[in-house]
file structure-v2.tsv (TSV, C-alpha atoms)
chain	number	residue	atom	x	y	z
A	230	MET	CA	-10.23	-19.69	-76.64
A	231	THR	CA	-13.16	-17.28	-76.73
A	232	LEU	CA	-12.80	-13.81	-75.20
A	233	THR	CA	-15.95	-11.81	-74.54
A	234	GLU	CA	-14.98	-8.18	-74.16
A	235	HIS	CA	-16.47	-5.29	-72.26
A	236	PRO	CA	-15.63	-1.68	-73.26
A	237	ALA	CA	-11.87	-1.16	-73.42
A	238	PRO	CA	-10.17	1.16	-70.90
A	239	ALA	CA	-8.53	4.44	-71.83
A	240	ALA	CA	-4.98	4.32	-73.18
A	241	GLY	CA	-3.43	5.15	-69.80
A	242	ARG	CA	-4.51	3.62	-66.49
A	243	VAL	CA	-2.18	5.32	-64.03
A	244	ILE	CA	-2.82	4.43	-60.37
A	245	PRO	CA	-3.56	7.14	-57.77
A	246	THR	CA	-0.60	8.44	-55.83
A	247	PRO	CA	-0.08	6.04	-52.87
A	248	SER	CA	-0.53	7.49	-49.37
A	249	PHE	CA	0.37	4.60	-47.01
A	250	GLY	CA	-1.05	6.49	-44.02
A	251	PRO	CA	-3.63	5.36	-41.42
A	252	ALA	CA	-6.59	3.84	-43.24
A	253	GLU	CA	-9.90	2.03	-42.89
A	254	SER	CA	-9.75	-1.76	-42.62
A	255	ASN	CA	-12.17	-4.68	-42.57
A	256	ASP	CA	-12.93	-3.87	-38.91
A	257	ASP	CA	-14.28	-0.43	-39.84
A	258	LEU	CA	-16.62	-1.45	-42.66
A	259	ASP	CA	-19.62	-3.70	-43.19
A	260	LEU	CA	-18.08	-5.74	-45.99
A	261	VAL	CA	-20.14	-7.95	-48.27
A	262	PRO	CA	-18.46	-10.31	-50.76
A	263	ARG	CA	-19.57	-9.58	-54.31
A	264	PRO	CA	-18.99	-11.17	-57.72
A	265	SER	CA	-15.97	-9.82	-59.58
A	266	PRO	CA	-16.76	-9.87	-63.34
A	267	GLY	CA	-13.79	-7.85	-64.56
A	268	ALA	CA	-13.67	-6.46	-68.10
A	269	GLY	CA	-14.39	-9.69	-69.94
A	270	THR	CA	-14.48	-13.47	-69.81
A	271	VAL	CA	-12.21	-16.17	-71.18
A	272	GLU	CA	-14.04	-19.40	-71.89
A	273	PHE	CA	-12.46	-22.83	-71.43
A	274	ASP	CA	-13.45	-26.46	-71.90
A	275	PHE	CA	-11.79	-28.37	-69.08
A	276	PRO	CA	-14.11	-30.85	-67.32
A	277	GLY	CA	-13.45	-31.02	-63.60
A	278	VAL	CA	-12.04	-27.50	-63.30
A	279	GLU	CA	-13.89	-24.44	-61.95
A	280	VAL	CA	-12.81	-20.84	-61.42
A	281	GLY	CA	-14.46	-18.27	-59.16
A	282	THR	CA	-13.80	-14.63	-58.34
A	283	ALA	CA	-15.08	-12.42	-55.53
A	284	GLN	CA	-14.27	-8.92	-54.36
A	285	TYR	CA	-14.70	-6.36	-51.64
A	286	THR	CA	-15.66	-3.33	-53.69
A	287	GLU	CA	-14.68	-1.07	-50.79
A	288	GLY	CA	-11.03	-2.00	-51.40
A	289	PRO	CA	-11.21	-2.79	-54.12
A	290	THR	CA	-9.45	-6.07	-53.48
A	291	GLY	CA	-10.35	-9.61	-54.32
A	292	THR	CA	-9.77	-13.34	-54.45
A	293	THR	CA	-9.63	-15.87	-57.28
A	294	VAL	CA	-10.08	-19.59	-56.68
A	295	LEU	CA	-9.22	-22.37	-59.11
A	296	HIS	CA	-11.09	-25.46	-57.90
A	297	VAL	CA	-10.35	-29.06	-58.92
A	298	PRO	CA	-12.86	-31.13	-56.91
A	299	ALA	CA	-11.16	-34.45	-57.69
A	300	GLY	CA	-7.75	-33.04	-56.77
A	301	ALA	CA	-4.60	-32.72	-58.87
A	302	ARG	CA	-0.88	-33.34	-58.45
A	303	MET	CA	1.07	-30.10	-58.20
A	304	PHE	CA	4.47	-28.48	-58.37
A	305	ILE	CA	5.08	-25.00	-56.92
A	306	ASP	CA	7.80	-22.83	-58.45
A	307	GLU	CA	8.81	-19.90	-56.22
A	308	ARG	CA	11.01	-17.11	-57.57
A	309	GLY	CA	11.85	-13.56	-56.64
A	310	GLY	CA	12.72	-11.98	-53.32
A	311	ALA	CA	9.30	-11.32	-51.72
A	312	ILE	CA	7.18	-14.49	-51.82
A	313	GLY	CA	3.88	-14.77	-49.94
A	314	LEU	CA	2.75	-18.39	-50.05
A	315	SER	CA	0.62	-20.90	-48.15
A	316	TYR	CA	0.06	-24.59	-48.79
A	317	GLY	CA	-1.33	-27.65	-47.09
A	318	ASP	CA	0.39	-30.23	-49.29
A	319	LYS	CA	3.13	-28.97	-51.57
A	320	GLN	CA	2.51	-31.73	-54.14
A	321	TYR	CA	-1.29	-31.96	-54.25
A	322	ALA	CA	-4.22	-29.56	-54.30
A	323	HIS	CA	-7.98	-29.41	-54.53
A	324	ALA	CA	-7.97	-25.62	-54.82
A	325	ILE	CA	-5.61	-22.75	-55.54
A	326	CYS	CA	-6.45	-19.44	-53.86
A	327	LEU	CA	-4.97	-16.22	-55.28
A	328	SER	CA	-5.58	-13.02	-53.31
A	329	GLY	CA	-4.77	-9.38	-52.86
A	330	GLY	CA	-4.04	-7.92	-49.44
A	331	SER	CA	-0.39	-8.96	-49.22
A	332	LEU	CA	0.38	-11.15	-46.18
A	333	TYR	CA	-2.95	-10.22	-44.61
A	334	GLY	CA	-4.79	-11.70	-47.59
A	335	LEU	CA	-3.64	-15.24	-46.81
A	336	GLY	CA	-6.72	-15.55	-44.60
A	337	ALA	CA	-8.74	-16.14	-47.78
A	338	CYS	CA	-7.06	-19.56	-48.09
A	339	ALA	CA	-8.56	-20.56	-44.74
A	340	GLY	CA	-12.02	-19.63	-46.01
A	341	VAL	CA	-11.57	-21.86	-49.06
A	342	ALA	CA	-10.50	-24.72	-46.80
A	343	ASP	CA	-13.51	-24.09	-44.52
A	344	GLU	CA	-15.90	-24.29	-47.47
A	345	LEU	CA	-14.33	-27.48	-48.80
A	346	ARG	CA	-14.55	-29.08	-45.35
A	347	ALA	CA	-18.22	-28.15	-45.10
A	348	ARG	CA	-18.88	-29.79	-48.47
A	349	VAL	CA	-17.84	-33.18	-47.07
A	350	ASP	CA	-20.04	-32.76	-43.98
A	351	ASN	CA	-17.05	-31.70	-41.88
A	352	LYS	CA	-15.47	-35.14	-42.11
A	353	VAL	CA	-11.83	-34.89	-41.07
A	354	GLY	CA	-10.48	-38.36	-41.72
A	355	TRP	CA	-7.09	-38.32	-43.42
A	356	ASN	CA	-8.58	-39.17	-46.81
A	357	ASP	CA	-11.27	-36.51	-46.41
A	358	LEU	CA	-8.87	-33.59	-45.96
A	359	LYS	CA	-8.91	-31.00	-48.74
A	360	CYS	CA	-5.63	-29.40	-49.75
A	361	VAL	CA	-5.59	-25.67	-50.46
A	362	SER	CA	-2.58	-23.71	-51.65
A	363	GLY	CA	-2.49	-19.97	-52.04
A	364	ALA	CA	-0.41	-16.92	-52.83
A	365	ILE	CA	-0.90	-13.19	-52.48
A	366	ILE	CA	-0.02	-9.92	-54.17
A	367	TYR	CA	0.71	-6.55	-52.58
A	368	ASP	CA	-2.11	-4.36	-53.91
A	369	PHE	CA	-2.16	-1.57	-51.30
A	370	ALA	CA	-0.28	0.88	-53.52
A	371	ALA	CA	-3.29	1.27	-55.81
A	372	ARG	CA	-5.87	2.08	-53.10
A	373	ALA	CA	-6.12	4.23	-49.99
A	374	ASN	CA	-7.29	1.65	-47.42
A	375	ALA	CA	-6.29	-1.53	-45.61
A	376	VAL	CA	-9.23	-3.72	-46.67
A	377	VAL	CA	-8.00	-7.28	-47.26
A	378	PRO	CA	-9.43	-10.56	-48.54
A	379	ASP	CA	-10.41	-12.69	-45.56
A	380	ALA	CA	-11.94	-16.10	-44.93
A	381	ALA	CA	-15.41	-14.87	-45.88
A	382	LEU	CA	-14.16	-13.62	-49.24
A	383	GLY	CA	-12.24	-16.83	-49.94
A	384	ARG	CA	-15.34	-18.86	-49.15
A	385	ALA	CA	-17.43	-16.63	-51.43
A	386	ALA	CA	-14.98	-16.97	-54.33
A	387	LEU	CA	-15.19	-20.77	-54.10
A	388	ARG	CA	-18.99	-20.63	-53.95
A	389	MET	CA	-18.98	-18.48	-57.08
A	390	ALA	CA	-16.70	-20.88	-58.96
A	391	GLU	CA	-18.12	-22.30	-62.16
A	392	PRO	CA	-16.83	-24.39	-65.05
A	393	GLY	CA	-16.08	-22.97	-68.45
A	394	ARG	CA	-15.27	-19.33	-67.79
A	395	VAL	CA	-12.89	-17.05	-65.92
A	396	ALA	CA	-13.04	-13.28	-65.50
A	397	VAL	CA	-10.16	-11.20	-66.86
A	398	GLY	CA	-9.04	-7.60	-66.44
A	399	ARG	CA	-9.56	-5.89	-63.10
A	400	ALA	CA	-11.17	-8.90	-61.42
A	401	GLY	CA	-10.68	-11.13	-58.40
A	402	ALA	CA	-7.15	-11.06	-57.03
A	403	GLY	CA	-6.14	-8.72	-59.84
A	404	ILE	CA	-8.67	-5.95	-59.27
A	405	SER	CA	-6.02	-3.61	-57.80
A	406	ALA	CA	-2.94	-5.16	-59.41
A	407	SER	CA	-0.49	-2.79	-61.07
A	408	VAL	CA	2.65	-2.93	-63.18
A	409	GLY	CA	5.58	-0.83	-64.32
A	410	LYS	CA	6.57	0.48	-60.92
A	411	ILE	CA	9.61	2.38	-62.13
A	412	ASP	CA	8.01	5.42	-60.52
A	413	TRP	CA	4.60	5.69	-58.82
A	414	SER	CA	3.56	8.42	-61.28
A	415	ARG	CA	4.06	5.99	-64.19
A	416	CYS	CA	2.61	2.85	-62.61
A	417	GLU	CA	-0.57	1.50	-64.28
A	418	PHE	CA	-3.39	-0.82	-63.30
A	419	SER	CA	-3.06	-4.31	-64.75
A	420	GLY	CA	-5.26	-7.18	-63.63
A	421	GLN	CA	-6.03	-10.87	-63.92
A	422	GLY	CA	-5.48	-12.76	-67.15
A	423	ALA	CA	-6.42	-16.18	-68.45
A	424	ALA	CA	-6.01	-18.27	-71.58
A	425	PHE	CA	-7.00	-21.76	-72.70
A	426	ARG	CA	-5.83	-24.05	-75.49
A	427	GLN	CA	-6.92	-27.52	-76.57
A	428	ILE	CA	-4.91	-29.67	-78.97
A	429	GLY	CA	-6.69	-32.95	-79.58
A	430	ASP	CA	-7.34	-34.38	-76.13
A	431	ILE	CA	-4.70	-32.19	-74.48
A	432	ARG	CA	-6.02	-29.25	-72.45
A	433	ILE	CA	-4.07	-26.33	-70.97
A	434	LEU	CA	-5.54	-23.54	-68.82
A	435	ALA	CA	-3.48	-20.62	-67.51
A	436	VAL	CA	-4.59	-18.00	-64.96
A	437	THR	CA	-2.30	-15.19	-63.84
A	438	VAL	CA	-2.45	-12.06	-61.68
A	439	VAL	CA	0.21	-9.66	-62.95
A	440	ASN	CA	1.42	-7.24	-60.29
A	441	ALA	CA	5.04	-6.81	-61.34
A	442	VAL	CA	7.71	-4.18	-60.97
A	443	GLY	CA	8.18	-4.82	-64.69
A	444	VAL	CA	5.99	-3.91	-67.65
A	445	ILE	CA	3.75	-6.12	-69.80
A	446	VAL	CA	5.17	-6.68	-73.27
A	447	ASP	CA	3.41	-7.90	-76.43
A	448	ARG	CA	4.96	-10.40	-78.82
A	449	ASP	CA	6.17	-7.62	-81.11
A	450	GLY	CA	8.07	-6.00	-78.22
A	451	THR	CA	5.52	-3.26	-77.58
A	452	VAL	CA	4.99	-2.27	-73.95
A	453	VAL	CA	1.23	-2.51	-73.51
A	454	ARG	CA	0.92	-1.70	-69.80
A	455	GLY	CA	3.18	-0.04	-67.25
A	456	ASN	CA	5.85	2.66	-67.12
A	457	TYR	CA	3.43	5.09	-68.74
A	458	ASP	CA	4.41	8.72	-69.27
A	459	PRO	CA	1.20	10.79	-69.00
A	460	ALA	CA	2.88	13.80	-70.61
A	461	THR	CA	3.65	11.98	-73.84
A	462	GLY	CA	1.21	9.06	-73.71
A	463	THR	CA	4.06	6.62	-74.26
A	464	ARG	CA	5.46	3.58	-72.49
A	465	ARG	CA	8.99	2.25	-72.53
A	466	LEU	CA	11.00	-0.72	-71.35
A	467	PRO	CA	12.36	-0.22	-67.82
A	468	HIS	CA	15.97	-1.00	-68.73
A	469	LEU	CA	16.16	2.43	-70.38
A	470	ASP	CA	15.25	4.07	-67.06
A	471	TYR	CA	17.70	1.86	-65.16
A	472	GLN	CA	20.48	2.91	-67.52
A	473	ALA	CA	19.66	6.54	-66.80
A	474	ALA	CA	19.53	5.80	-63.06
A	475	PHE	CA	23.00	4.27	-63.17
A	476	ALA	CA	24.20	7.53	-64.69
A	477	GLY	CA	22.53	9.48	-61.88
A	478	ASP	CA	19.55	10.75	-63.86
A	479	GLY	CA	16.47	8.57	-63.56
A	480	PRO	CA	13.99	6.76	-61.28
A	481	THR	CA	14.66	3.33	-59.86
A	482	ALA	CA	11.88	0.95	-58.76
A	483	ALA	CA	9.19	0.68	-56.10
A	484	PRO	CA	8.56	-2.30	-53.79
A	485	GLY	CA	5.27	-4.19	-53.44
A	486	ASN	CA	5.23	-6.53	-56.43
A	487	THR	CA	4.41	-10.14	-57.25
A	488	THR	CA	2.94	-12.13	-60.14
A	489	ILE	CA	0.99	-15.21	-59.04
A	490	SER	CA	-0.18	-17.79	-61.55
A	491	ALA	CA	-1.71	-21.22	-61.99
A	492	LEU	CA	-1.28	-23.60	-64.91
A	493	ILE	CA	-3.35	-26.76	-65.19
A	494	THR	CA	-3.20	-29.51	-67.79
A	495	ASN	CA	-4.76	-32.92	-68.16
A	496	VAL	CA	-1.53	-34.49	-69.44
A	497	ARG	CA	-0.20	-37.37	-67.36
A	498	LEU	CA	3.33	-36.47	-66.20
A	499	ASP	CA	5.70	-38.02	-63.70
A	500	ASP	CA	6.96	-35.85	-60.85
A	501	ARG	CA	10.11	-34.76	-62.64
A	502	ALA	CA	8.30	-33.87	-65.87
A	503	LEU	CA	5.68	-31.90	-63.93
A	504	GLU	CA	8.41	-29.98	-62.14
A	505	GLN	CA	10.23	-29.21	-65.36
A	506	LEU	CA	6.99	-28.09	-67.03
A	507	GLY	CA	6.43	-25.62	-64.22
A	508	ARG	CA	9.98	-24.31	-64.36
A	509	GLN	CA	9.91	-24.01	-68.15
A	510	VAL	CA	6.65	-22.06	-68.23
A	511	HIS	CA	7.53	-19.84	-65.27
A	512	GLY	CA	10.87	-19.00	-66.84
A	513	SER	CA	9.18	-18.20	-70.15
A	514	MET	CA	7.04	-15.51	-68.55
A	515	HIS	CA	9.96	-13.07	-68.62
A	516	ARG	CA	9.12	-12.53	-72.30
A	517	GLY	CA	5.79	-10.94	-71.40
A	518	ILE	CA	6.89	-9.29	-68.14
A	519	GLN	CA	10.12	-7.28	-68.20
A	520	PRO	CA	11.92	-7.42	-65.82
A	521	PHE	CA	10.65	-10.48	-63.97
A	522	HIS	CA	11.66	-12.50	-60.86
A	523	THR	CA	13.42	-9.50	-59.30
A	524	ASN	CA	14.29	-9.08	-55.63
A	525	LEU	CA	11.23	-6.81	-55.44
A	526	ASP	CA	8.89	-9.52	-56.80
A	527	GLY	CA	7.55	-12.68	-55.14
A	528	ASP	CA	6.54	-14.66	-58.23
A	529	THR	CA	4.85	-18.03	-57.74
A	530	LEU	CA	3.49	-20.52	-60.28
A	531	PHE	CA	1.29	-23.47	-59.29
A	532	THR	CA	1.48	-26.16	-61.99
A	533	LEU	CA	-1.15	-28.90	-61.76
A	534	THR	CA	-2.10	-32.00	-63.71
A	535	THR	CA	-5.26	-34.05	-63.56
A	536	ASP	CA	-3.34	-37.03	-65.06
A	537	GLU	CA	-5.95	-37.99	-67.65
A	538	VAL	CA	-4.21	-38.04	-71.05
A	539	ASP	CA	-0.92	-39.57	-72.14
A	540	LEU	CA	1.46	-37.72	-74.40
A	541	PRO	CA	2.10	-39.50	-77.70
A	542	THR	CA	5.23	-41.60	-77.47
A	543	ALA	CA	8.27	-40.47	-79.48
A	544	PRO	CA	11.67	-42.18	-79.47
A	545	SER	CA	14.42	-40.12	-77.89
A	546	ARG	CA	17.89	-40.88	-76.63
A	547	ILE	CA	17.08	-38.99	-73.41
A	548	GLY	CA	13.71	-40.56	-72.63
A	549	ALA	CA	10.55	-41.73	-74.28
A	550	HIS	CA	8.60	-38.55	-73.56
A	551	ALA	CA	11.42	-36.02	-73.37
A	552	ILE	CA	10.76	-34.24	-76.66
A	553	ASN	CA	7.01	-34.21	-76.18
A	554	SER	CA	7.12	-32.87	-72.63
A	555	VAL	CA	9.40	-30.09	-73.85
A	556	GLY	CA	6.89	-29.41	-76.60
A	557	LEU	CA	4.08	-29.31	-74.05
A	558	GLY	CA	6.05	-26.71	-72.12
A	559	ALA	CA	6.61	-24.66	-75.27
A	560	VAL	CA	2.89	-24.60	-76.05
A	561	ALA	CA	1.96	-23.92	-72.42
A	562	ALA	CA	4.40	-21.00	-72.39
A	563	GLU	CA	2.49	-19.40	-75.26
A	564	VAL	CA	-0.80	-19.97	-73.45
A	565	MET	CA	0.64	-18.23	-70.40
A	566	TRP	CA	1.81	-15.30	-72.53
A	567	ASP	CA	-1.75	-15.00	-73.86
A	568	ALA	CA	-2.94	-14.95	-70.25
A	569	ILE	CA	-0.45	-12.22	-69.34
A	570	LEU	CA	-1.68	-10.04	-72.21
A	571	SER	CA	-5.35	-10.57	-71.32
A	572	SER	CA	-4.63	-9.17	-67.84
A	573	THR	CA	-4.54	-5.72	-69.45
A	574	ARG	CA	-8.22	-5.82	-70.46

call {"tool": "encode", "arguments": {"input": "structure-v2.tsv", "output": "structure tokens"}}
result
Amino acid sequence: MTLTEHPAPAAGRVIPTPSFGPAESNDDLDLVPRPSPGAGTVEFDFPGVEVGTAQYTEGPTGTTVLHVPAGARMFIDERGGAIGLSYGDKQYAHAICLSGGSLYGLGACAGVADELRARVDNKVGWNDLKCVSGAIIYDFAARANAVVPDAALGRAALRMAEPGRVAVGRAGAGISASVGKIDWSRCEFSGQGAAFRQIGDIRILAVTVVNAVGVIVDRDGTVVRGNYDPATGTRRLPHLDYQAAFAGDGPTAAPGNTTISALITNVRLDDRALEQLGRQVHGSMHRGIQPFHTNLDGDTLFTLTTDEVDLPTAPSRIGAHAINSVGLGAVAAEVMWDAILSSTR
């Protein structure tokens, strides 16, 4: 994986105090979709996969599209208490659309579908239909308007999709993402992350938009984003604040959270193995996001395979590929943790 970095942000990236009052929306502004480069780029070598990002700078809010023109089998893992999700076929996709704008941002998925339909000359035979799945984050807390990703922005993100690179940091669907919502005064901007790993012929690409009530945690246990105390310049794990809250002396947590992610591999997996891969990786993300899958989060992971490469066969009393598929999940979990950490760029 190659990461090209732009200048790093300051130590603290606390969001403005939310207002949630009457605000300007798409109807009040002359919005123009623009590229969303973020703070850097993660490069990947995965033939047949493209990623595009677009934004409305006036938000700022944005959309990220992962495009697999040939299509891929898929499993969707939904966790948490506030899920915002759309899909055409729950087991197959040509594109995954991730957006800001909460429920109102689901319109971006329609734009992606419109663009894919146009690319086949508007043919609508059963075999010509293009399947688009999408999920959204609540990003209104970090901005003082009601601008949302719409069909035009979804279409633009797909048109900007290219192979080999994906923007990270405050880009695409993650441009106004935030984490560590133990108290609004300690909530920080996060963003979109990505990571790629190739082992022999096996390829794994992870893309995530981290907008959690929890904080982002490095492998050594350090909190790297969220629950930031401006007075001391320090961050801490939320469970310490919850303990204080139980004793009557501490903040609790704010609503409006969700981490949405996509994982794609070229490993050929049967339906059960694909499902278990998705569950294993999604469950592993609690290491990098603490806490995770809460009733204030609507976490969704789209796990896809292009079914191109077989895992090496290994004897096992519980199935020929059981050990290896578990191993694939273990490696993919580390790739996803890398993606989570790159969202802080």

call {"tool": "closest_atom_pairs", "arguments": {"input": "structure-v2.tsv", "of": "stretch 473-538 of chain A", "to": "stretch 438-445 of chain A", "cutoff": "10 Å", "atoms": "all atoms listed in the file", "output": "CSV"}}
result
residue,atom,partner,partner_atom,distance
A:Ala482,CA,A:Val442,CA,7.0
A:Ala483,CA,A:Val442,CA,7.0
A:Pro484,CA,A:Val442,CA,7.5
A:Gly485,CA,A:Val442,CA,7.9
A:Asn486,CA,A:Ala441,CA,4.9
A:Thr487,CA,A:Asn440,CA,5.2
A:Thr488,CA,A:Val439,CA,4.6
A:Ile489,CA,A:Val438,CA,5.4
A:Ser490,CA,A:Val438,CA,6.2
A:Ala491,CA,A:Val438,CA,9.2
A:His515,CA,A:Gly443,CA,9.3
A:Arg516,CA,A:Ile445,CA,8.7
A:Gly517,CA,A:Ile445,CA,5.5
A:Ile518,CA,A:Ile445,CA,4.8
A:Gln519,CA,A:Gly443,CA,4.7
A:Pro520,CA,A:Gly443,CA,4.7
A:Phe521,CA,A:Gly443,CA,6.2
A:His522,CA,A:Ala441,CA,8.7
A:Thr523,CA,A:Val442,CA,8.0
A:Asn524,CA,A:Val442,CA,9.8
A:Leu525,CA,A:Val442,CA,7.1
A:Asp526,CA,A:Ala441,CA,6.5
A:Gly527,CA,A:Ala441,CA,8.9
A:Asp528,CA,A:Ala441,CA,8.6

call {"tool": "write_last_selection", "arguments": {"input": "structure-v2.tsv", "atoms": "C-alpha atoms", "output": "PDB file, in the coordinates of the input"}}
result
ATOM      1  CA  ALA A 482      11.880   0.950 -58.760  1.00  0.00           C
ATOM      2  CA  ALA A 483       9.190   0.680 -56.100  1.00  0.00           C
ATOM      3  CA  PRO A 484       8.560  -2.300 -53.790  1.00  0.00           C
ATOM      4  CA  GLY A 485       5.270  -4.190 -53.440  1.00  0.00           C
ATOM      5  CA  ASN A 486       5.230  -6.530 -56.430  1.00  0.00           C
ATOM      6  CA  THR A 487       4.410 -10.140 -57.250  1.00  0.00           C
ATOM      7  CA  THR A 488       2.940 -12.130 -60.140  1.00  0.00           C
ATOM      8  CA  ILE A 489       0.990 -15.210 -59.040  1.00  0.00           C
ATOM      9  CA  SER A 490      -0.180 -17.790 -61.550  1.00  0.00           C
ATOM     10  CA  ALA A 491      -1.710 -21.220 -61.990  1.00  0.00           C
ATOM     11  CA  HIS A 515       9.960 -13.070 -68.620  1.00  0.00           C
ATOM     12  CA  ARG A 516       9.120 -12.530 -72.300  1.00  0.00           C
ATOM     13  CA  GLY A 517       5.790 -10.940 -71.400  1.00  0.00           C
ATOM     14  CA  ILE A 518       6.890  -9.290 -68.140  1.00  0.00           C
ATOM     15  CA  GLN A 519      10.120  -7.280 -68.200  1.00  0.00           C
ATOM     16  CA  PRO A 520      11.920  -7.420 -65.820  1.00  0.00           C
ATOM     17  CA  PHE A 521      10.650 -10.480 -63.970  1.00  0.00           C
ATOM     18  CA  HIS A 522      11.660 -12.500 -60.860  1.00  0.00           C
ATOM     19  CA  THR A 523      13.420  -9.500 -59.300  1.00  0.00           C
ATOM     20  CA  ASN A 524      14.290  -9.080 -55.630  1.00  0.00           C
ATOM     21  CA  LEU A 525      11.230  -6.810 -55.440  1.00  0.00           C
ATOM     22  CA  ASP A 526       8.890  -9.520 -56.800  1.00  0.00           C
ATOM     23  CA  GLY A 527       7.550 -12.680 -55.140  1.00  0.00           C
ATOM     24  CA  ASP A 528       6.540 -14.660 -58.230  1.00  0.00           C
TER      25      ASP A 528
END

call {"tool": "axis_aligned_box", "arguments": {"input": "structure-v2.tsv", "around": "stretch 379-396 of chain A", "padding_each_side": "8 Å", "output": "AutoDock Vina command-line options"}}
result
--center_x -14.7 --center_y -18.5 --center_z -56.7 --size_x 24.6 --size_y 27.7 --size_z 39.5

call {"tool": "atom_distance", "arguments": {"input": "structure-v2.tsv", "atom1": "atom CA of A:Ala371", "atom2": "atom CA of A:Ser405"}}
result
5.9 Å

call {"tool": "residues_around", "arguments": {"input": "structure-v2.tsv", "residues": "A:Asp257", "least_positions_apart": "3", "cutoff": "10 Å", "atoms": "all atoms listed in the file", "output": "list in words"}}
result
Ala252, Glu253, Ser254, Leu260, Ala375 and Val376 of chain A

call {"tool": "residues_around", "arguments": {"input": "structure-v2.tsv", "residues": "stretch 494-511 of chain A", "least_positions_apart": "2", "cutoff": "6 Å", "atoms": "only C-alpha atoms", "output": "MDAnalysis selection string"}}
result
chainID A and resid 304 432:433 513:514 532 534:539 558 562

call {"tool": "atom_distance", "arguments": {"input": "structure-v2.tsv", "atom1": "atom CA of A:Ile493", "atom2": "atom CA of A:Phe273"}}
result
11.7 Å

call {"tool": "atom_distance", "arguments": {"input": "structure-v2.tsv", "atom1": "atom CA of A:Gly477", "atom2": "atom CA of A:Asn456"}}
result
18.8 Å

call {"tool": "residues_around", "arguments": {"input": "structure-v2.tsv", "residues": "A:Leu327", "least_positions_apart": "5", "cutoff": "8 Å", "atoms": "all atoms listed in the file", "output": "JSON, numbers by chain"}}
result
{"A": [292, 293, 294, 363, 364, 365, 402, 489]}

call {"tool": "write_last_selection", "arguments": {"input": "structure-v2.tsv", "atoms": "C-alpha atoms", "output": "short mmCIF file (atom, residue, chain, number, x, y, z; two decimals), in the frame of the given file"}}
result
data_model
loop_
_atom_site.label_atom_id
_atom_site.label_comp_id
_atom_site.auth_asym_id
_atom_site.auth_seq_id
_atom_site.Cartn_x
_atom_site.Cartn_y
_atom_site.Cartn_z
CA THR A 292 -9.77 -13.34 -54.45
CA THR A 293 -9.63 -15.87 -57.28
CA VAL A 294 -10.08 -19.59 -56.68
CA GLY A 363 -2.49 -19.97 -52.04
CA ALA A 364 -0.41 -16.92 -52.83
CA ILE A 365 -0.90 -13.19 -52.48
CA ALA A 402 -7.15 -11.06 -57.03
CA ILE A 489 0.99 -15.21 -59.04
#
